[in-house]
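Colleague: Input structure: input13.cif, which contains mmCIF, C-alpha atoms.
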```cif
data_my_file
#
loop_
_atom_site.label_atom_id
_atom_site.label_comp_id
_atom_site.auth_asym_id
_atom_site.auth_seq_id
_atom_site.Cartn_x
_atom_site.Cartn_y
_atom_site.Cartn_z
CA MET G 157 -21.45 -3.36 8.82
CA ASP G 158 -22.29 -5.09 5.61
CA ILE G 159 -21.19 -8.70 6.11
CA LYS G 160 -20.89 -10.81 2.98
CA SER G 161 -20.67 -14.56 2.58
CA VAL G 162 -21.05 -17.11 -0.18
CA PHE G 163 -24.73 -17.23 0.77
CA ASN G 164 -25.46 -13.62 -0.17
CA SER G 165 -22.62 -12.67 -2.53
CA SER G 166 -19.59 -14.03 -4.38
CA PHE G 167 -15.86 -13.34 -4.17
CA GLU G 168 -15.93 -11.93 -7.70
CA GLN G 169 -18.07 -9.08 -6.43
CA ILE G 170 -15.55 -7.65 -3.99
CA ASP G 171 -14.51 -4.07 -4.67
CA THR G 172 -10.71 -4.43 -5.15
CA VAL G 173 -9.79 -5.15 -1.51
CA CYS G 174 -11.60 -6.10 1.68
CA LEU G 175 -11.14 -8.00 4.95
CA ALA G 176 -12.03 -11.67 5.39
CA ILE G 177 -12.59 -13.50 8.66
CA SER G 178 -13.53 -17.02 9.69
CA ARG G 179 -13.53 -19.49 12.57
CA PRO G 180 -11.36 -22.20 11.02
CA ASN G 181 -12.37 -24.85 13.54
CA ILE G 182 -15.83 -24.75 15.09
CA LYS G 183 -14.51 -26.51 18.20
CA ARG G 184 -11.98 -23.79 18.89
CA GLU G 185 -12.82 -20.30 20.03
CA GLN G 186 -10.36 -18.76 17.63
CA GLN G 187 -10.85 -16.64 14.54
CA HIS G 188 -8.53 -16.02 11.60
CA ILE G 189 -8.27 -12.88 9.48
CA GLY G 190 -6.63 -11.77 6.24
CA LEU G 191 -7.03 -9.51 3.24
CA LEU G 192 -8.91 -10.36 0.08
CA TYR G 193 -7.77 -8.48 -2.98
CA PHE G 194 -8.30 -8.54 -6.70
CA ASP G 195 -5.04 -8.46 -8.68
CA GLY G 196 -6.59 -8.02 -12.11
CA ASP G 197 -6.86 -11.73 -12.80
CA CYS G 198 -8.23 -13.29 -9.67
CA VAL G 199 -9.16 -12.75 -6.04
CA ASN G 200 -6.41 -13.66 -3.57
CA PHE G 201 -6.62 -14.30 0.14
CA LEU G 202 -3.44 -12.94 1.75
CA HIS G 203 -2.92 -13.98 5.36
CA LEU G 204 -0.33 -14.87 7.93
CA ALA G 205 -1.22 -18.48 8.53
CA TRP G 206 1.47 -19.31 11.09
CA HIS G 207 5.11 -18.82 11.98
CA ASN G 208 6.98 -17.99 8.76
CA THR G 209 3.95 -18.95 6.71
CA LEU G 210 2.55 -16.05 4.74
CA GLN G 211 0.03 -17.46 2.32
CA GLN G 212 -1.75 -16.19 -0.74
CA GLU G 213 -4.42 -18.47 -2.11
CA PRO G 214 -7.94 -18.48 -3.50
CA PRO G 215 -10.46 -17.80 -0.71
CA ASP G 216 -12.75 -20.56 0.49
CA LYS G 217 -16.38 -20.46 1.53
CA SER G 218 -15.57 -20.55 5.25
CA TYR G 219 -14.85 -16.82 5.16
CA LEU G 220 -17.08 -13.85 5.72
CA TRP G 221 -15.89 -10.66 4.12
CA LEU G 222 -16.40 -6.99 4.87
CA ASP G 223 -15.88 -3.99 2.66
CA ILE G 224 -13.31 -1.37 3.66
CA PRO G 225 -14.63 2.21 3.79
CA LEU G 226 -12.07 3.56 1.37
CA ASP G 227 -12.49 5.23 -1.99
CA HIS G 228 -11.61 3.23 -5.10
CA PHE G 229 -8.20 4.92 -5.58
CA ASN G 230 -6.97 4.07 -2.11
CA LYS G 231 -8.33 0.56 -2.51
CA VAL G 232 -6.34 0.02 -5.70
CA HIS G 233 -3.27 1.38 -3.94
CA LEU G 234 -3.79 -0.92 -0.94
CA ALA G 235 -4.35 -3.94 -3.20
CA THR G 236 -1.10 -3.15 -5.04
CA TYR G 237 0.69 -2.90 -1.70
CA CYS G 238 -0.76 -6.32 -0.71
CA ALA G 239 0.70 -7.82 -3.90
CA MET G 240 4.06 -6.28 -3.00
CA VAL G 241 3.95 -7.55 0.59
CA TYR G 242 3.33 -11.08 -0.64
CA GLU G 243 6.15 -10.93 -3.20
CA LYS G 244 8.61 -9.62 -0.64
CA ASN G 245 7.73 -12.06 2.13
CA LYS G 246 7.22 -15.39 0.41
CA ASP G 247 9.66 -16.93 2.86
CA GLY G 248 7.28 -15.95 5.60
CA ILE G 249 6.91 -13.55 8.48
CA PRO G 250 7.73 -14.66 12.03
CA TYR G 251 4.87 -15.21 14.45
CA GLY G 252 4.91 -12.95 17.48
CA LEU G 253 2.43 -12.23 20.26
CA SER G 254 3.49 -8.61 20.56
CA LEU G 255 3.25 -5.98 17.90
CA ASP G 256 6.30 -4.19 19.30
CA GLY G 257 9.28 -3.93 16.99
CA SER G 258 7.45 -5.16 13.92
CA ASP G 259 7.05 -3.12 10.78
CA PHE G 260 7.05 -3.23 7.00
CA SER G 261 9.76 -1.47 5.05
CA GLU G 262 8.93 0.68 2.04
CA ASP G 263 9.28 -2.21 -0.37
CA GLY G 264 6.82 -4.33 1.61
CA SER G 265 9.46 -6.46 3.37
CA PHE G 266 8.79 -7.34 6.98
CA ILE G 267 11.40 -5.87 9.30
CA GLN G 268 12.25 -6.66 12.90
CA LYS G 269 13.17 -3.50 14.75
CA GLU G 270 13.90 -5.59 17.79
CA PRO G 271 14.96 -9.23 18.13
CA HIS G 272 12.20 -11.84 17.90
CA ALA G 273 9.54 -9.40 16.75
CA GLY G 274 6.71 -10.98 14.83
CA LEU G 275 3.03 -10.75 14.00
CA THR G 276 -0.23 -12.61 14.46
CA CYS G 277 -2.77 -12.87 11.65
CA ALA G 278 -4.53 -9.82 13.11
CA THR G 279 -1.47 -7.64 13.69
CA PHE G 280 -0.33 -8.51 10.16
CA VAL G 281 -3.48 -6.85 8.84
CA ILE G 282 -3.00 -3.85 11.16
CA GLN G 283 0.56 -3.31 9.96
CA VAL G 284 -0.38 -3.54 6.27
CA PHE G 285 -2.89 -0.72 6.79
CA HIS G 286 -0.72 1.40 9.06
CA ALA G 287 2.33 1.11 6.78
CA GLN G 288 0.38 3.10 4.21
CA GLY G 289 -0.86 5.80 6.55
CA LEU G 290 -4.27 4.14 6.84
CA ASN G 291 -4.48 3.87 10.61
CA ILE G 292 -7.30 1.68 11.85
CA ILE G 293 -6.22 1.08 15.47
CA ASP G 294 -5.70 3.69 18.17
CA PHE G 295 -2.95 2.03 20.21
CA GLU G 296 -3.37 4.55 23.02
CA LYS G 297 -6.88 3.24 23.57
CA TRP G 298 -6.00 -0.43 23.55
CA PRO G 299 -5.23 -1.74 27.04
CA CYS G 300 -3.62 -5.05 28.01
CA ARG G 301 -6.59 -7.08 29.21
CA GLU G 302 -6.31 -9.86 31.76
CA ALA G 303 -8.35 -12.28 29.64
CA ASP G 304 -5.96 -11.70 26.78
CA LYS G 305 -3.02 -12.70 28.94
CA GLN G 306 -4.58 -16.13 29.46
CA TRP G 307 -4.98 -16.59 25.72
CA GLN G 308 -1.41 -15.44 25.13
CA ILE G 309 -0.05 -17.95 27.66
CA LYS G 310 -2.06 -20.72 25.99
CA ILE G 311 -0.66 -19.83 22.55
CA TRP G 312 2.82 -19.40 23.99
CA GLY G 313 2.66 -22.99 25.25
CA MET G 314 1.95 -24.13 21.70
CA LEU G 315 4.95 -22.28 20.31
CA LYS G 316 7.58 -24.34 22.09
CA ARG G 317 7.93 -27.01 19.45
CA PHE G 318 8.16 -24.45 16.65
CA PHE G 319 10.47 -21.83 18.11
CA PRO G 320 14.08 -21.92 19.24
CA ASN G 321 14.47 -21.50 23.00
CA GLU G 322 15.66 -17.93 22.80
CA TYR G 323 12.66 -16.94 20.70
CA PHE G 324 10.29 -18.87 22.95
CA ASN G 325 11.66 -17.21 26.08
CA SER G 326 11.48 -13.72 24.62
CA GLN G 327 7.79 -14.24 23.81
CA HIS G 328 7.22 -15.25 27.44
CA GLU G 329 8.96 -12.15 28.71
CA LYS G 330 6.75 -10.04 26.47
CA ILE G 331 3.59 -11.63 27.81
CA LEU G 332 4.64 -11.16 31.41
CA SER G 333 5.46 -7.51 30.82
CA GLY G 334 1.95 -6.96 29.43
CA VAL G 335 1.13 -7.05 25.75
CA ALA G 336 -2.04 -5.82 24.10
CA ARG G 337 -3.93 -8.39 22.08
CA PHE G 338 -5.76 -7.50 18.91
CA LYS G 339 -8.40 -10.11 18.16
CA PRO G 340 -9.17 -10.89 14.52
CA GLU G 341 -12.80 -9.85 14.96
CA GLU G 342 -11.71 -6.53 16.52
CA VAL G 343 -9.33 -5.79 13.67
CA ALA G 344 -12.01 -6.71 11.15
CA VAL G 345 -14.40 -4.22 12.73
CA ALA G 346 -11.74 -1.49 13.08
CA GLY G 347 -10.86 -1.89 9.42
CA THR G 348 -14.41 -1.74 8.16
CA LEU G 349 -16.11 0.99 10.19
CA GLU G 350 -16.08 4.61 9.08
CA SER G 351 -13.78 7.14 10.78
CA PRO G 352 -10.90 5.04 12.13
CA PRO G 353 -8.68 4.73 14.15
CA PHE G 354 -10.54 2.99 16.98
CA GLY G 355 -9.89 1.97 20.55
CA SER G 356 -11.10 -1.40 21.82
CA GLU G 357 -14.05 0.00 23.80
CA GLU G 358 -15.38 2.00 20.86
CA ILE G 359 -15.95 -1.08 18.75
CA LYS G 360 -17.08 -3.49 21.45
CA GLU G 361 -20.69 -3.84 20.32
CA HIS G 362 -19.84 -4.21 16.64
CA THR G 363 -17.19 -6.79 17.50
CA LYS G 364 -19.72 -8.84 19.44
CA LYS G 365 -22.14 -8.79 16.50
CA LEU G 366 -19.47 -9.76 14.01
CA LEU G 367 -18.31 -12.63 16.21
CA GLU G 368 -21.87 -13.95 16.35
CA SER G 369 -22.03 -13.85 12.58
CA VAL G 370 -18.69 -15.63 12.22
CA ILE G 371 -19.76 -18.43 14.59
CA SER G 372 -23.14 -18.73 12.94
CA HIS G 373 -21.49 -18.96 9.52
CA ALA G 374 -19.07 -21.62 10.74
CA HIS G 375 -22.02 -23.73 11.91
CA LYS G 376 -23.86 -23.11 8.67
CA ILE G 377 -21.10 -24.48 6.51
CA LYS G 378 -20.20 -27.13 9.12
CA ILE G 379 -16.51 -26.53 9.50
CA MET J 92 6.83 30.51 -9.23
CA ILE J 93 9.87 28.28 -9.33
CA ALA J 94 12.98 29.87 -10.72
CA MET J 95 14.92 27.74 -13.17
CA THR J 96 18.57 27.80 -12.26
CA ASP J 97 21.59 26.58 -14.16
CA VAL J 98 19.48 25.39 -17.01
CA SER J 99 20.30 25.40 -20.64
CA THR J 100 19.10 23.49 -23.63
CA THR J 101 22.30 21.52 -23.55
CA ASN J 102 20.92 19.71 -20.57
CA ILE J 103 18.21 18.23 -22.67
CA GLU J 104 18.74 15.32 -24.93
CA TYR J 105 16.58 14.56 -27.89
CA SER J 106 15.76 10.93 -27.51
CA SER J 107 13.54 8.35 -29.03
CA SER J 108 12.74 4.79 -28.24
CA HIS J 109 10.68 2.00 -29.61
CA ASP J 110 8.55 0.14 -27.18
CA SER J 111 7.83 -3.17 -28.82
CA SER J 112 5.56 -4.33 -26.01
CA THR J 113 2.95 -1.75 -26.84
CA SER J 114 3.74 -1.32 -30.52
CA SER J 115 4.05 2.38 -29.93
CA TYR J 116 6.59 4.87 -31.04
CA TYR J 117 7.60 7.66 -28.74
CA GLU J 118 9.76 10.64 -29.27
CA HIS J 119 10.63 13.48 -27.00
CA ILE J 120 10.57 16.85 -28.61
CA VAL J 121 11.81 19.77 -26.65
CA ASP J 122 10.51 23.21 -27.40
CA ASN J 123 13.65 25.28 -27.28
CA ARG J 124 12.51 28.42 -28.93
CA PHE J 125 12.53 30.37 -25.73
CA ASP J 126 14.81 31.15 -22.87
CA PHE J 127 14.95 28.20 -20.47
CA SER J 128 16.10 30.36 -17.62
CA SER J 129 12.60 31.76 -17.30
CA THR J 130 10.03 30.55 -14.81
CA ILE J 131 7.66 27.61 -15.03
CA SER J 132 4.83 29.80 -16.22
CA SER J 133 6.59 29.93 -19.53
CA THR J 134 5.31 27.53 -22.13
CA THR J 135 8.87 26.86 -23.10
CA ASN J 136 9.54 24.44 -20.30
CA THR J 137 7.64 21.65 -21.90
CA VAL J 138 8.59 18.24 -23.11
CA TYR J 139 6.04 16.70 -25.38
CA VAL J 140 5.67 12.98 -25.67
CA TYR J 141 4.00 12.07 -28.90
CA GLU J 142 2.50 8.66 -29.16
CA LYS J 143 1.52 6.94 -32.35
CA SER J 144 -1.02 4.33 -31.50
CA TYR J 145 -1.12 0.83 -32.90
CA PHE J 146 -3.54 2.03 -35.54
CA TYR J 147 -1.36 4.98 -36.46
CA GLN J 148 -3.77 7.48 -35.04
CA VAL J 149 -1.68 10.14 -33.52
CA SER J 150 -2.35 11.43 -30.06
CA SER J 151 -0.16 13.51 -27.88
CA ILE J 152 0.43 14.01 -24.21
CA GLY J 153 2.24 17.13 -23.03
CA ILE J 154 4.35 16.51 -19.97
CA LYS J 155 5.50 19.59 -18.17
CA LEU J 156 8.86 19.16 -16.50
CA PHE J 157 9.66 21.87 -14.03
CA ASP J 158 13.27 20.92 -13.56
CA TYR J 159 15.62 20.34 -16.43
CA SER J 160 18.51 19.59 -14.15
CA ASP J 161 21.34 17.32 -15.08
CA GLU J 162 20.38 14.95 -12.31
CA PHE J 163 16.95 14.36 -13.77
CA HIS J 164 18.28 13.60 -17.23
CA LYS J 165 20.88 11.34 -15.68
CA MET J 166 18.08 9.50 -13.95
CA VAL J 167 16.09 9.14 -17.18
CA ASP J 168 19.21 7.82 -18.92
CA GLU J 169 20.06 5.35 -16.22
CA LYS J 170 16.56 4.20 -15.38
CA PRO J 171 14.45 3.45 -18.45
CA TRP J 172 11.42 2.78 -16.25
CA VAL J 173 11.21 6.53 -15.52
CA THR J 174 10.54 7.30 -19.17
CA ARG J 175 7.94 4.53 -19.33
CA PHE J 176 6.38 5.90 -16.16
CA LEU J 177 6.11 9.40 -17.63
CA GLN J 178 4.58 7.97 -20.78
CA THR J 179 1.93 5.96 -18.99
CA SER J 180 1.40 7.62 -15.60
CA SER J 181 -2.06 8.90 -16.48
CA GLN J 182 -3.24 5.37 -17.24
CA LEU J 183 -1.84 3.48 -14.25
CA ASN J 184 -5.07 2.65 -12.49
CA ASN J 185 -4.93 -1.02 -11.56
CA VAL J 186 -2.80 -3.45 -9.56
CA LYS J 187 -1.10 -5.03 -12.56
CA SER J 188 -0.01 -1.79 -14.19
CA LEU J 189 1.02 -0.12 -10.93
CA LEU J 190 3.01 -2.97 -9.39
CA PRO J 191 6.17 -2.70 -11.57
CA TYR J 192 6.52 1.01 -10.78
CA TYR J 193 5.72 0.60 -7.09
CA LYS J 194 8.55 -1.93 -6.93
CA LYS J 195 10.99 0.42 -8.65
CA ILE J 196 10.13 3.38 -6.44
CA ASN J 197 10.30 1.27 -3.31
CA GLN J 198 13.59 -0.17 -4.39
CA LEU J 199 15.02 3.35 -4.37
CA MET J 200 13.84 3.84 -0.83
CA ALA J 201 14.89 0.40 0.36
CA GLU J 202 18.38 1.15 -0.97
CA GLU J 203 18.15 4.52 0.77
CA ASP J 204 18.75 6.27 -2.53
CA PHE J 205 16.69 9.19 -1.35
CA GLN J 206 18.42 11.64 -3.65
CA THR J 207 17.25 9.81 -6.78
CA CYS J 208 13.79 9.30 -5.30
CA ASN J 209 13.64 13.00 -4.54
CA VAL J 210 14.60 13.91 -8.11
CA PHE J 211 11.85 11.60 -9.33
CA LEU J 212 9.18 13.07 -7.06
CA LYS J 213 10.27 16.60 -7.89
CA ASN J 214 9.95 16.07 -11.64
CA ILE J 215 6.62 14.37 -11.88
CA THR J 216 3.63 16.54 -12.59
CA ALA J 217 0.44 15.92 -10.65
CA SER J 218 -1.78 16.74 -13.62
CA GLU J 219 -0.18 13.84 -15.53
CA LEU J 220 -0.83 11.27 -12.82
CA SER J 221 -3.74 8.86 -12.69
CA ASP J 222 -6.18 9.25 -9.80
CA VAL J 223 -4.66 6.25 -8.03
CA LEU J 224 -1.13 7.60 -8.39
CA LEU J 225 -2.13 10.98 -6.95
CA VAL J 226 -2.89 9.10 -3.76
CA GLY J 227 -0.56 6.11 -4.13
CA LEU J 228 2.78 7.87 -4.66
CA LEU J 229 2.31 9.81 -1.46
CA ARG J 230 1.29 6.77 0.57
CA LEU J 231 4.08 4.68 -0.88
CA THR J 232 6.73 7.20 0.12
CA TYR J 233 5.01 8.41 3.29
CA SER J 234 7.21 6.52 5.76
CA ARG J 235 10.34 8.18 4.38
CA LYS J 236 8.91 11.63 3.76
CA ASN J 237 11.42 13.15 6.17
CA HIS J 238 14.18 12.11 3.80
CA LEU J 239 12.33 13.41 0.75
CA ASP J 240 12.29 17.17 0.36
CA ALA J 241 9.98 16.92 -2.64
CA TRP J 242 7.30 15.01 -0.71
CA VAL J 243 5.56 18.07 0.72
CA GLY J 244 5.50 19.73 -2.70
CA LEU J 245 3.94 16.63 -4.23
CA LEU J 246 1.35 16.55 -1.43
CA LYS J 247 0.33 20.11 -2.23
CA GLN J 248 0.26 19.44 -5.98
CA SER J 249 -1.80 16.28 -5.45
CA LYS J 250 -4.28 18.08 -3.19
CA ASP J 251 -4.80 20.79 -5.80
CA GLU J 252 -5.11 18.30 -8.64
CA LEU J 253 -7.57 16.04 -6.80
CA SER J 254 -9.67 19.07 -5.98
CA LYS J 255 -9.50 20.20 -9.61
CA ARG J 256 -10.75 16.77 -10.67
CA GLY J 257 -13.72 17.11 -8.32
CA HIS J 258 -12.55 14.67 -5.65
CA ASP J 259 -12.63 15.12 -1.88
CA GLU J 260 -8.87 15.51 -1.37
CA LYS J 261 -9.19 15.58 2.41
CA ALA J 262 -10.83 12.15 2.49
CA LEU J 263 -8.55 10.66 -0.17
CA LEU J 264 -5.35 11.79 1.51
CA ASN J 265 -6.54 11.00 5.02
CA GLY J 266 -3.66 10.08 7.32
CA LEU J 267 -1.03 11.84 5.22
CA SER J 268 0.31 15.05 6.65
#
```
In structure tokens, write the structure found in this file.
Modeller:
Amino acid sequence: MDIKSVFNSSFEQIDTVCLAISRPNIKREQQHIGLLYFDGDCVNFLHLAWHNTLQQEPPDKSYLWLDIPLDHFNKVHLATYCAMVYEKNKDGIPYGLSLDGSDFSEDGSFIQKEPHAGLTCATFVIQVFHAQGLNIIDFEKWPCREADKQWQIKIWGMLKRFFPNEYFNSQHEKILSGVARFKPEEVAVAGTLESPPFGSEEIKEHTKKLLESVISHAHKIKI
Amino acid sequence: MIAMTDVSTTNIEYSSSHDSSTSSYYEHIVDNRFDFSSTISSTTNTVYVYEKSYFYQVSSIGIKLFDYSDEFHKMVDEKPWVTRFLQTSSQLNNVKSLLPYYKKINQLMAEEDFQTCNVFLKNITASELSDVLLVGLLRLTYSRKNHLDAWVGLLKQSKDELSKRGHDEKALLNGLS
């Protein structure tokens, strides 16, 4: 994995589209992920920041970025699709702990195939790739892990003041029934290693290394 | 070999337009010296788009249309972006130039106008598409390929064309089948 940062490269040097990851707050064990793409004029950071908050903005130095192992033609296509996804979802995409029932329509609009479906920052990235036949995750090889359930319950507790009761309760039901979690660092690795799609075990070592780099970078720039 | 059915020169309109945004003049000239009911191997089934550049240097791009059906000409009449697409498809290689057409094509699918989308996919010629479009059109329409009879034909055409251009078509079209 070739990890780039403002210390060894610049955003202007990205090849059309890539993945960007950071630890937004050094005190929290939580990463954030999105897509960096060049639209012909400038480099944009497209990411699902929070519930109904899809953002596109210039990237900041807190991010590390990793090239996607795609040829130039597919990269240009993916970058164009990113531009379309942003245009179609400026009002935001709902936050959801489960990937189930979430999808993008052909015109890049987010669609809920079941009530209260939504995405995290990481599943947003997964769905952008998968919507274009570029599968990076092997869902069959991605179990529901006990440690993930604890994280999901913690996040669920934070959702109460943002979500209507019905939405809040449906998220709880999902967690209890067992929902796979896709960590930002796992998605970053799955999207940047050759020969996807990947199961969680297959990318374990690379994920660990990337996480170390993300934490180290966060300390370096003193977030 | 694709047989041309129910085709006559009356289906084809001589048209011209002036595109002020590019300061170019385009005219469609249809070679009608031969029998249009023949197969696509005939050189008669050709629409030429002549482009006079800003500096009045003339260049030409031959666009082969394998289906002169009424429905295609109706589409060209009703959707001016199709003509612009045919005129520029070999040069659409970046986000800015692709985005307007991606939106139009996706709009057809979002509105579930699969018939029109199918006519469009059936009438484009892989050899006239940019490298990005050879990959992009298939990916863009992939999720609705079951509604688009022309999708498989375009996949085959794109594979052949990518290979002809010296690209690894298997790697480029990975995930599309």
Colleague: Just the residues within 10 Å of range 290-300 of chain G, please, counting only C-alpha atoms, with nothing from its chain fewer than 3 positions along; format it as a PyMOL selection string.
Modeller: (chain G and resi 226+230+234+281-287+303-305+331+333-338+342-358) or (chain J and resi 230+264-267)
Colleague: For those residues, write C-alpha atoms to a file as a CSV table (one decimal), in the frame of the given file.
Modeller:
```csv
chain,number,residue,atom,x,y,z
G,226,LEU,CA,-12.1,3.6,1.4
G,230,ASN,CA,-7.0,4.1,-2.1
G,234,LEU,CA,-3.8,-0.9,-0.9
G,281,VAL,CA,-3.5,-6.8,8.8
G,282,ILE,CA,-3.0,-3.8,11.2
G,283,GLN,CA,0.6,-3.3,10.0
G,284,VAL,CA,-0.4,-3.5,6.3
G,285,PHE,CA,-2.9,-0.7,6.8
G,286,HIS,CA,-0.7,1.4,9.1
G,287,ALA,CA,2.3,1.1,6.8
G,303,ALA,CA,-8.4,-12.3,29.6
G,304,ASP,CA,-6.0,-11.7,26.8
G,305,LYS,CA,-3.0,-12.7,28.9
G,331,ILE,CA,3.6,-11.6,27.8
G,333,SER,CA,5.5,-7.5,30.8
G,334,GLY,CA,2.0,-7.0,29.4
G,335,VAL,CA,1.1,-7.0,25.8
G,336,ALA,CA,-2.0,-5.8,24.1
G,337,ARG,CA,-3.9,-8.4,22.1
G,338,PHE,CA,-5.8,-7.5,18.9
G,342,GLU,CA,-11.7,-6.5,16.5
G,343,VAL,CA,-9.3,-5.8,13.7
G,344,ALA,CA,-12.0,-6.7,11.2
G,345,VAL,CA,-14.4,-4.2,12.7
G,346,ALA,CA,-11.7,-1.5,13.1
G,347,GLY,CA,-10.9,-1.9,9.4
G,348,THR,CA,-14.4,-1.7,8.2
G,349,LEU,CA,-16.1,1.0,10.2
G,350,GLU,CA,-16.1,4.6,9.1
G,351,SER,CA,-13.8,7.1,10.8
G,352,PRO,CA,-10.9,5.0,12.1
G,353,PRO,CA,-8.7,4.7,14.2
G,354,PHE,CA,-10.5,3.0,17.0
G,355,GLY,CA,-9.9,2.0,20.6
G,356,SER,CA,-11.1,-1.4,21.8
G,357,GLU,CA,-14.0,0.0,23.8
G,358,GLU,CA,-15.4,2.0,20.9
J,230,ARG,CA,1.3,6.8,0.6
J,264,LEU,CA,-5.4,11.8,1.5
J,265,ASN,CA,-6.5,11.0,5.0
J,266,GLY,CA,-3.7,10.1,7.3
J,267,LEU,CA,-1.0,11.8,5.2
```
Colleague: What separation in Å, quoted to one decimal, exists between CA of His258 in chain J and CA of Asn185 in chain J?
Modeller: 18.4 Å
Colleague: Counting all atoms listed in the file, give me one row per residue of chain J with an atom at most 10 Å from an atom of chain G, showing the shortest contact pair and its distance in Å to one decimal, sorted by chain then residue number, as JSON lines.
Modeller:
```
{"residue": "J:Asn184", "atom": "CA", "partner": "G:Val232", "partner_atom": "CA", "distance": 7.4}
{"residue": "J:Asn185", "atom": "CA", "partner": "G:Val232", "partner_atom": "CA", "distance": 6.1}
{"residue": "J:Val186", "atom": "CA", "partner": "G:Thr236", "partner_atom": "CA", "distance": 4.8}
{"residue": "J:Lys187", "atom": "CA", "partner": "G:Gly196", "partner_atom": "CA", "distance": 6.3}
{"residue": "J:Ser188", "atom": "CA", "partner": "G:Gly196", "partner_atom": "CA", "distance": 9.3}
{"residue": "J:Leu189", "atom": "CA", "partner": "G:Thr236", "partner_atom": "CA", "distance": 7.0}
{"residue": "J:Leu190", "atom": "CA", "partner": "G:Thr236", "partner_atom": "CA", "distance": 6.0}
{"residue": "J:Pro191", "atom": "CA", "partner": "G:Met240", "partner_atom": "CA", "distance": 9.5}
{"residue": "J:Tyr193", "atom": "CA", "partner": "G:Thr236", "partner_atom": "CA", "distance": 8.0}
{"residue": "J:Lys194", "atom": "CA", "partner": "G:Asp263", "partner_atom": "CA", "distance": 6.6}
{"residue": "J:Lys195", "atom": "CA", "partner": "G:Asp263", "partner_atom": "CA", "distance": 8.9}
{"residue": "J:Ile196", "atom": "CA", "partner": "G:Asp263", "partner_atom": "CA", "distance": 8.3}
{"residue": "J:Asn197", "atom": "CA", "partner": "G:Asp263", "partner_atom": "CA", "distance": 4.7}
{"residue": "J:Gln198", "atom": "CA", "partner": "G:Asp263", "partner_atom": "CA", "distance": 6.2}
{"residue": "J:Leu199", "atom": "CA", "partner": "G:Asp263", "partner_atom": "CA", "distance": 8.9}
{"residue": "J:Met200", "atom": "CA", "partner": "G:Glu262", "partner_atom": "CA", "distance": 6.5}
{"residue": "J:Ala201", "atom": "CA", "partner": "G:Glu262", "partner_atom": "CA", "distance": 6.2}
{"residue": "J:Glu202", "atom": "CA", "partner": "G:Asp263", "partner_atom": "CA", "distance": 9.7}
{"residue": "J:Ser221", "atom": "CA", "partner": "G:Phe229", "partner_atom": "CA", "distance": 9.3}
{"residue": "J:Asp222", "atom": "CA", "partner": "G:Phe229", "partner_atom": "CA", "distance": 6.4}
{"residue": "J:Val223", "atom": "CA", "partner": "G:Phe229", "partner_atom": "CA", "distance": 4.5}
{"residue": "J:Leu224", "atom": "CA", "partner": "G:His233", "partner_atom": "CA", "distance": 7.9}
{"residue": "J:Leu225", "atom": "CA", "partner": "G:Phe229", "partner_atom": "CA", "distance": 8.7}
{"residue": "J:Val226", "atom": "CA", "partner": "G:Asn230", "partner_atom": "CA", "distance": 6.7}
{"residue": "J:Gly227", "atom": "CA", "partner": "G:His233", "partner_atom": "CA", "distance": 5.5}
{"residue": "J:Leu228", "atom": "CA", "partner": "G:His233", "partner_atom": "CA", "distance": 8.9}
{"residue": "J:Leu229", "atom": "CA", "partner": "G:Gln288", "partner_atom": "CA", "distance": 9.0}
{"residue": "J:Arg230", "atom": "CA", "partner": "G:Gln288", "partner_atom": "CA", "distance": 5.2}
{"residue": "J:Leu231", "atom": "CA", "partner": "G:Gln288", "partner_atom": "CA", "distance": 6.5}
{"residue": "J:Thr232", "atom": "CA", "partner": "G:Glu262", "partner_atom": "CA", "distance": 7.1}
{"residue": "J:Tyr233", "atom": "CA", "partner": "G:Gln288", "partner_atom": "CA", "distance": 7.1}
{"residue": "J:Ser234", "atom": "CA", "partner": "G:Glu262", "partner_atom": "CA", "distance": 7.1}
{"residue": "J:Arg235", "atom": "CA", "partner": "G:Glu262", "partner_atom": "CA", "distance": 8.0}
{"residue": "J:Asp259", "atom": "CA", "partner": "G:Asp227", "partner_atom": "CA", "distance": 9.9}
{"residue": "J:Ala262", "atom": "CA", "partner": "G:Asp227", "partner_atom": "CA", "distance": 8.4}
{"residue": "J:Leu263", "atom": "CA", "partner": "G:Asp227", "partner_atom": "CA", "distance": 7.0}
{"residue": "J:Leu264", "atom": "CA", "partner": "G:Asn230", "partner_atom": "CA", "distance": 8.7}
{"residue": "J:Asn265", "atom": "CA", "partner": "G:Leu290", "partner_atom": "CA", "distance": 7.5}
{"residue": "J:Gly266", "atom": "CA", "partner": "G:Gly289", "partner_atom": "CA", "distance": 5.2}
{"residue": "J:Leu267", "atom": "CA", "partner": "G:Gly289", "partner_atom": "CA", "distance": 6.2}
{"residue": "J:Ser268", "atom": "CA", "partner": "G:Gly289", "partner_atom": "CA", "distance": 9.3}
```
Colleague: What is the distance between CA of Ala273 in chain G and CA of Met314 in chain G, in Å to one decimal?
Modeller: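 CA of Met314 in chain G lies at a distance of 17.3 Å from CA of Ala273 in chain G.
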Colleague: Please indicate the distance in Å from CA of Gln178 in chain J to CA of Glu219 in chain J, rounded to one decimal place.
Modeller: 9.2 Å
